[in-house]
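K.L.:
Before I ask anything, here is the structure I am working with.
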Amino acid sequence: MSVLTYRCALKRNAIPVLARRCMSVRPRVDQETPAGRKKVTIQSLQAQRRDKIPITMLTAYDYPTGLACSSNVKLDITLVGDSLAQVCLGHSSTTDLTLQEMIHHARAVSRGTTHPLLVADMPFGTYHVSPASATENAIRLIQEGRVDALKLEGGSEILPVVRQLTRIGIPVMAHVGLMPQRHIAMSGYRVQGRSAEGARRVLNDALALEEAGAFSIVIEAVPKELGSYITERLKIPTIGIGAGPGTSGQRKVLVWDDVMGTWPGHKAKFVRRFGDVAREREGGVEGYTAGVREGSFPGDAESYVMDSEEWNKFLAGEK
């Protein structure tokens, strides 16, 4: 059925016109939250933590992946991760991502998002100069990217920024342990907190960020014992990325392309591939190209037909 689109009249007091639009890909009529699931809030996440209900969080980078995350009532948080620099834009590092690129992708994801809490990474360099410039960039990402909250990597050095953002009402998800935006300074993507001193540093950062106002903390690539201990010490939800099964009820966040099996690069230890979309994708491309080359596509089923009488009239007019 064709989608009815409302065309606003340009002249004052003119009568609005309903026009039919026909295209190969038609716009959605509506965007509804799956039945039985209200919008996820910071309060509802706290309730899940209290009741030991695992929190689920997946990355999304565009409208289709945002829509896919929203299609499942068991998905709690959608993260527009700065990993889009690599998996979508072909960069070698997350540090290459700009604020404008993040806004562009976040805005697309927001169009497909219904019930999940929508969080976006603040790109490298957008919150490091000063609390004032961080606030300007954060406001842009909230307003233009249409996200609910922001995620910042860092420890005690970003406390003034976290305090400032939460003071003006911008929810902050913190990120400790391995911080991909600092992979060069950390000599690669290495597990953090393996020594007593390193573990204490990660713990102290997490406690300080909670005190500064963060509503949740991502803990990445730390020993499972440390992930569980930090979770026990905090009063806010923890989201584990390679931090063991004890992070606030076995909560995990995974990159979309890792979950779907479409990322051809290195597979981290904490990654589990739940799908093999790459094989299906490659099979689809192969099937299409073969169909065109052998002449089986398009066939009668994919072709429009003209009334024979009208066609004969057309041919007669060509003589």
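Residues are referred to by chain and number: the chain letter is A, B, ... according to the order shown in the structure tokens, the number counts from 1 in that chain, and ligands are numbered separately from 1 in the order shown.
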Using DSSP on the backbone coordinates, identify all residues within region 114-309 of chain A classified as alpha helix (DSSP H); present the result as a PyMOL selection string.
P.N.:
chain A and resi 131-145+159-167+196-212+224-233+256-260+277-294+308-309
K.L.:
Report as a PyMOL selection string all protein, DNA and RNA residues lying within 7 Å of region 228-233 of chain A, evaluated on only C-alpha atoms, omitting residues in the same chain fewer than 3 positions from it.
P.N.:
chain A and resi 203+224-225+238+246-248
K.L.:
Residues near Val191 (chain A), anyone? I mean within 7 Å using only C-alpha atoms, not counting same-chain ones fewer than 4 positions away, as a ChimeraX atom specification.
P.N.:
/A:178,221-222
K.L.:
Please report the interatomic distance between CA of Thr114 (chain A) and CA of Ser70 (chain A) in Å with one decimal.
P.N.:
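Value for the CA of Thr114 (chain A)-CA of Ser70 (chain A) distance: 5.7 Å.
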K.L.:
Which residue out of A:Gln192, A:Ser308, A:Ser303, A:Asn204 has the minimum interatomic distance to Ile241 (chain A) when only C-alpha atoms are used?
P.N.:
A:Gln192
K.L.:
I need the residue nearest Ala120 (chain A) from this list: A:Lys235, A:Lys151, A:His104, A:Arg190. Use only C-alpha atoms for the distance.
P.N.:
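Nearest to Ala120 (chain A): A:Lys151.
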K.L.:
For CA of Leu45 (chain A) and CA of Pro237 (chain A), quote the distance in Å rounded to one decimal.
P.N.:
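Taking CA of Leu45 (chain A) and CA of Pro237 (chain A), their separation equals 7.2 Å.
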K.L.:
Take CA of Gly125 (chain A) and CA of Ala108 (chain A) and report the distance between them in Å, one decimal.
P.N.:
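Rounded to one decimal, the two atoms are 22.4 Å apart.
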K.L.:
If you count only C-alpha atoms, which residues fall within 10 Å of Glu153 (chain A), apart from same-chain ones fewer than 4 positions away, as a PyMOL selection string?
P.N.:
chain A and resi 121-124+127+158+173-182+217-218
K.L.:
Pull all heavy atoms from the residues just selected and write them as a short mmCIF file (atom, residue, chain, number, x, y, z; two decimals), in the first residue's frame.
P.N.:
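The result, stored in out.cif:
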```cif
data_model
loop_
_atom_site.label_atom_id
_atom_site.label_comp_id
_atom_site.auth_asym_id
_atom_site.auth_seq_id
_atom_site.Cartn_x
_atom_site.Cartn_y
_atom_site.Cartn_z
N ASP A 121 29.18 8.08 22.25
CA ASP A 121 30.54 8.39 22.69
C ASP A 121 30.89 9.81 22.32
O ASP A 121 30.60 10.26 21.20
CB ASP A 121 31.54 7.45 21.99
CG ASP A 121 31.76 6.15 22.73
OD1 ASP A 121 31.81 6.19 23.97
OD2 ASP A 121 31.88 5.10 22.07
N MET A 122 31.54 10.52 23.22
CA MET A 122 32.13 11.80 22.85
C MET A 122 33.47 11.50 22.19
O MET A 122 34.32 10.82 22.78
CB MET A 122 32.31 12.71 24.07
CG MET A 122 31.02 13.30 24.59
SD MET A 122 31.27 14.76 25.65
CE MET A 122 31.75 16.01 24.46
N PRO A 123 33.68 11.97 20.95
CA PRO A 123 34.92 11.65 20.24
C PRO A 123 36.16 12.22 20.94
O PRO A 123 36.08 13.18 21.72
CB PRO A 123 34.72 12.32 18.87
CG PRO A 123 33.25 12.43 18.71
CD PRO A 123 32.73 12.70 20.10
N PHE A 124 37.29 11.62 20.64
CA PHE A 124 38.57 12.06 21.18
C PHE A 124 38.81 13.53 20.88
O PHE A 124 38.59 13.99 19.77
CB PHE A 124 39.70 11.22 20.58
CG PHE A 124 41.06 11.65 21.02
CD1 PHE A 124 41.54 11.32 22.28
CD2 PHE A 124 41.87 12.39 20.17
CE1 PHE A 124 42.80 11.72 22.69
CE2 PHE A 124 43.14 12.79 20.57
CZ PHE A 124 43.61 12.46 21.84
N TYR A 127 36.39 16.68 24.62
CA TYR A 127 36.13 16.96 26.04
C TYR A 127 37.42 17.06 26.86
O TYR A 127 37.38 16.96 28.09
CB TYR A 127 35.21 15.90 26.64
CG TYR A 127 35.69 14.46 26.53
CD1 TYR A 127 36.30 13.83 27.61
CD2 TYR A 127 35.52 13.73 25.37
CE1 TYR A 127 36.74 12.51 27.51
CE2 TYR A 127 35.94 12.42 25.26
CZ TYR A 127 36.54 11.81 26.34
OH TYR A 127 36.97 10.50 26.24
N ILE A 158 39.17 13.64 34.17
CA ILE A 158 37.96 14.19 33.52
C ILE A 158 36.86 14.50 34.54
O ILE A 158 35.74 14.82 34.15
CB ILE A 158 37.42 13.24 32.43
CG1 ILE A 158 36.91 11.93 33.03
CG2 ILE A 158 38.45 12.99 31.35
CD1 ILE A 158 36.05 11.11 32.06
N MET A 173 27.74 8.58 31.12
CA MET A 173 28.20 7.21 31.34
C MET A 173 29.73 7.25 31.28
O MET A 173 30.29 7.69 30.27
CB MET A 173 27.64 6.27 30.28
CG MET A 173 28.16 4.84 30.37
SD MET A 173 27.48 3.78 29.05
CE MET A 173 25.83 3.48 29.70
N ALA A 174 30.39 6.82 32.34
CA ALA A 174 31.85 6.86 32.38
C ALA A 174 32.42 5.58 31.77
O ALA A 174 31.70 4.61 31.50
CB ALA A 174 32.33 7.04 33.81
N HIS A 175 33.74 5.58 31.56
CA HIS A 175 34.40 4.43 30.92
C HIS A 175 35.82 4.34 31.48
O HIS A 175 36.64 5.23 31.28
CB HIS A 175 34.44 4.65 29.40
CG HIS A 175 35.00 3.50 28.63
ND1 HIS A 175 34.47 3.09 27.42
CD2 HIS A 175 36.06 2.67 28.86
CE1 HIS A 175 35.16 2.06 26.96
NE2 HIS A 175 36.15 1.79 27.81
N VAL A 176 36.10 3.23 32.20
CA VAL A 176 37.42 3.03 32.82
C VAL A 176 38.02 1.71 32.35
O VAL A 176 37.38 0.93 31.64
CB VAL A 176 37.32 3.06 34.36
CG1 VAL A 176 36.80 4.39 34.86
CG2 VAL A 176 36.44 1.91 34.87
N GLY A 177 39.26 1.46 32.80
CA GLY A 177 39.97 0.26 32.36
C GLY A 177 40.68 0.56 31.05
O GLY A 177 41.35 1.59 30.91
N LEU A 178 40.55 -0.33 30.08
CA LEU A 178 41.10 -0.07 28.76
C LEU A 178 40.29 1.03 28.09
O LEU A 178 39.07 0.95 28.01
CB LEU A 178 41.05 -1.34 27.90
CG LEU A 178 41.40 -1.18 26.41
CD1 LEU A 178 42.82 -0.67 26.25
CD2 LEU A 178 41.21 -2.48 25.67
N MET A 179 41.00 2.06 27.61
CA MET A 179 40.34 3.17 26.94
C MET A 179 40.87 3.25 25.51
O MET A 179 41.99 3.71 25.29
CB MET A 179 40.59 4.47 27.71
CG MET A 179 39.90 4.49 29.06
SD MET A 179 40.32 5.91 30.09
CE MET A 179 41.68 5.24 31.06
N PRO A 180 40.08 2.77 24.54
CA PRO A 180 40.56 2.69 23.16
C PRO A 180 41.05 4.02 22.59
O PRO A 180 41.94 4.03 21.73
CB PRO A 180 39.33 2.19 22.40
CG PRO A 180 38.58 1.39 23.41
CD PRO A 180 38.75 2.14 24.69
N GLN A 181 40.49 5.14 23.06
CA GLN A 181 40.94 6.43 22.54
C GLN A 181 42.38 6.73 22.95
O GLN A 181 43.02 7.61 22.37
CB GLN A 181 40.02 7.55 23.05
CG GLN A 181 38.62 7.52 22.45
CD GLN A 181 37.75 8.67 22.95
OE1 GLN A 181 38.17 9.48 23.78
NE2 GLN A 181 36.51 8.73 22.46
N ARG A 182 42.91 5.97 23.92
CA ARG A 182 44.28 6.17 24.38
C ARG A 182 45.16 4.96 24.09
O ARG A 182 46.14 4.71 24.79
CB ARG A 182 44.28 6.46 25.89
CG ARG A 182 43.36 7.60 26.28
CD ARG A 182 43.44 7.90 27.76
NE ARG A 182 42.39 8.82 28.17
CZ ARG A 182 42.31 9.37 29.36
NH1 ARG A 182 43.22 9.09 30.29
NH2 ARG A 182 41.31 10.19 29.66
N ILE A 217 28.88 3.10 34.63
CA ILE A 217 30.30 3.04 34.26
C ILE A 217 30.57 1.80 33.43
O ILE A 217 30.21 0.69 33.81
CB ILE A 217 31.21 3.04 35.51
CG1 ILE A 217 31.09 4.36 36.26
CG2 ILE A 217 32.67 2.78 35.11
CD1 ILE A 217 32.03 4.50 37.44
N VAL A 218 31.21 2.01 32.28
CA VAL A 218 31.70 0.91 31.47
C VAL A 218 33.07 0.50 32.00
O VAL A 218 33.93 1.36 32.25
CB VAL A 218 31.81 1.32 29.98
CG1 VAL A 218 32.60 0.28 29.18
CG2 VAL A 218 30.44 1.51 29.38
#
```
K.L.:
Give the strand (DSSP E or B) residues of region 102-262 of chain A, as DSSP finds them on the backbone, and put them as a ChimeraX atom specification.
P.N.:
/A:117-121,149-153,172-177,216-220,238-241,252-254
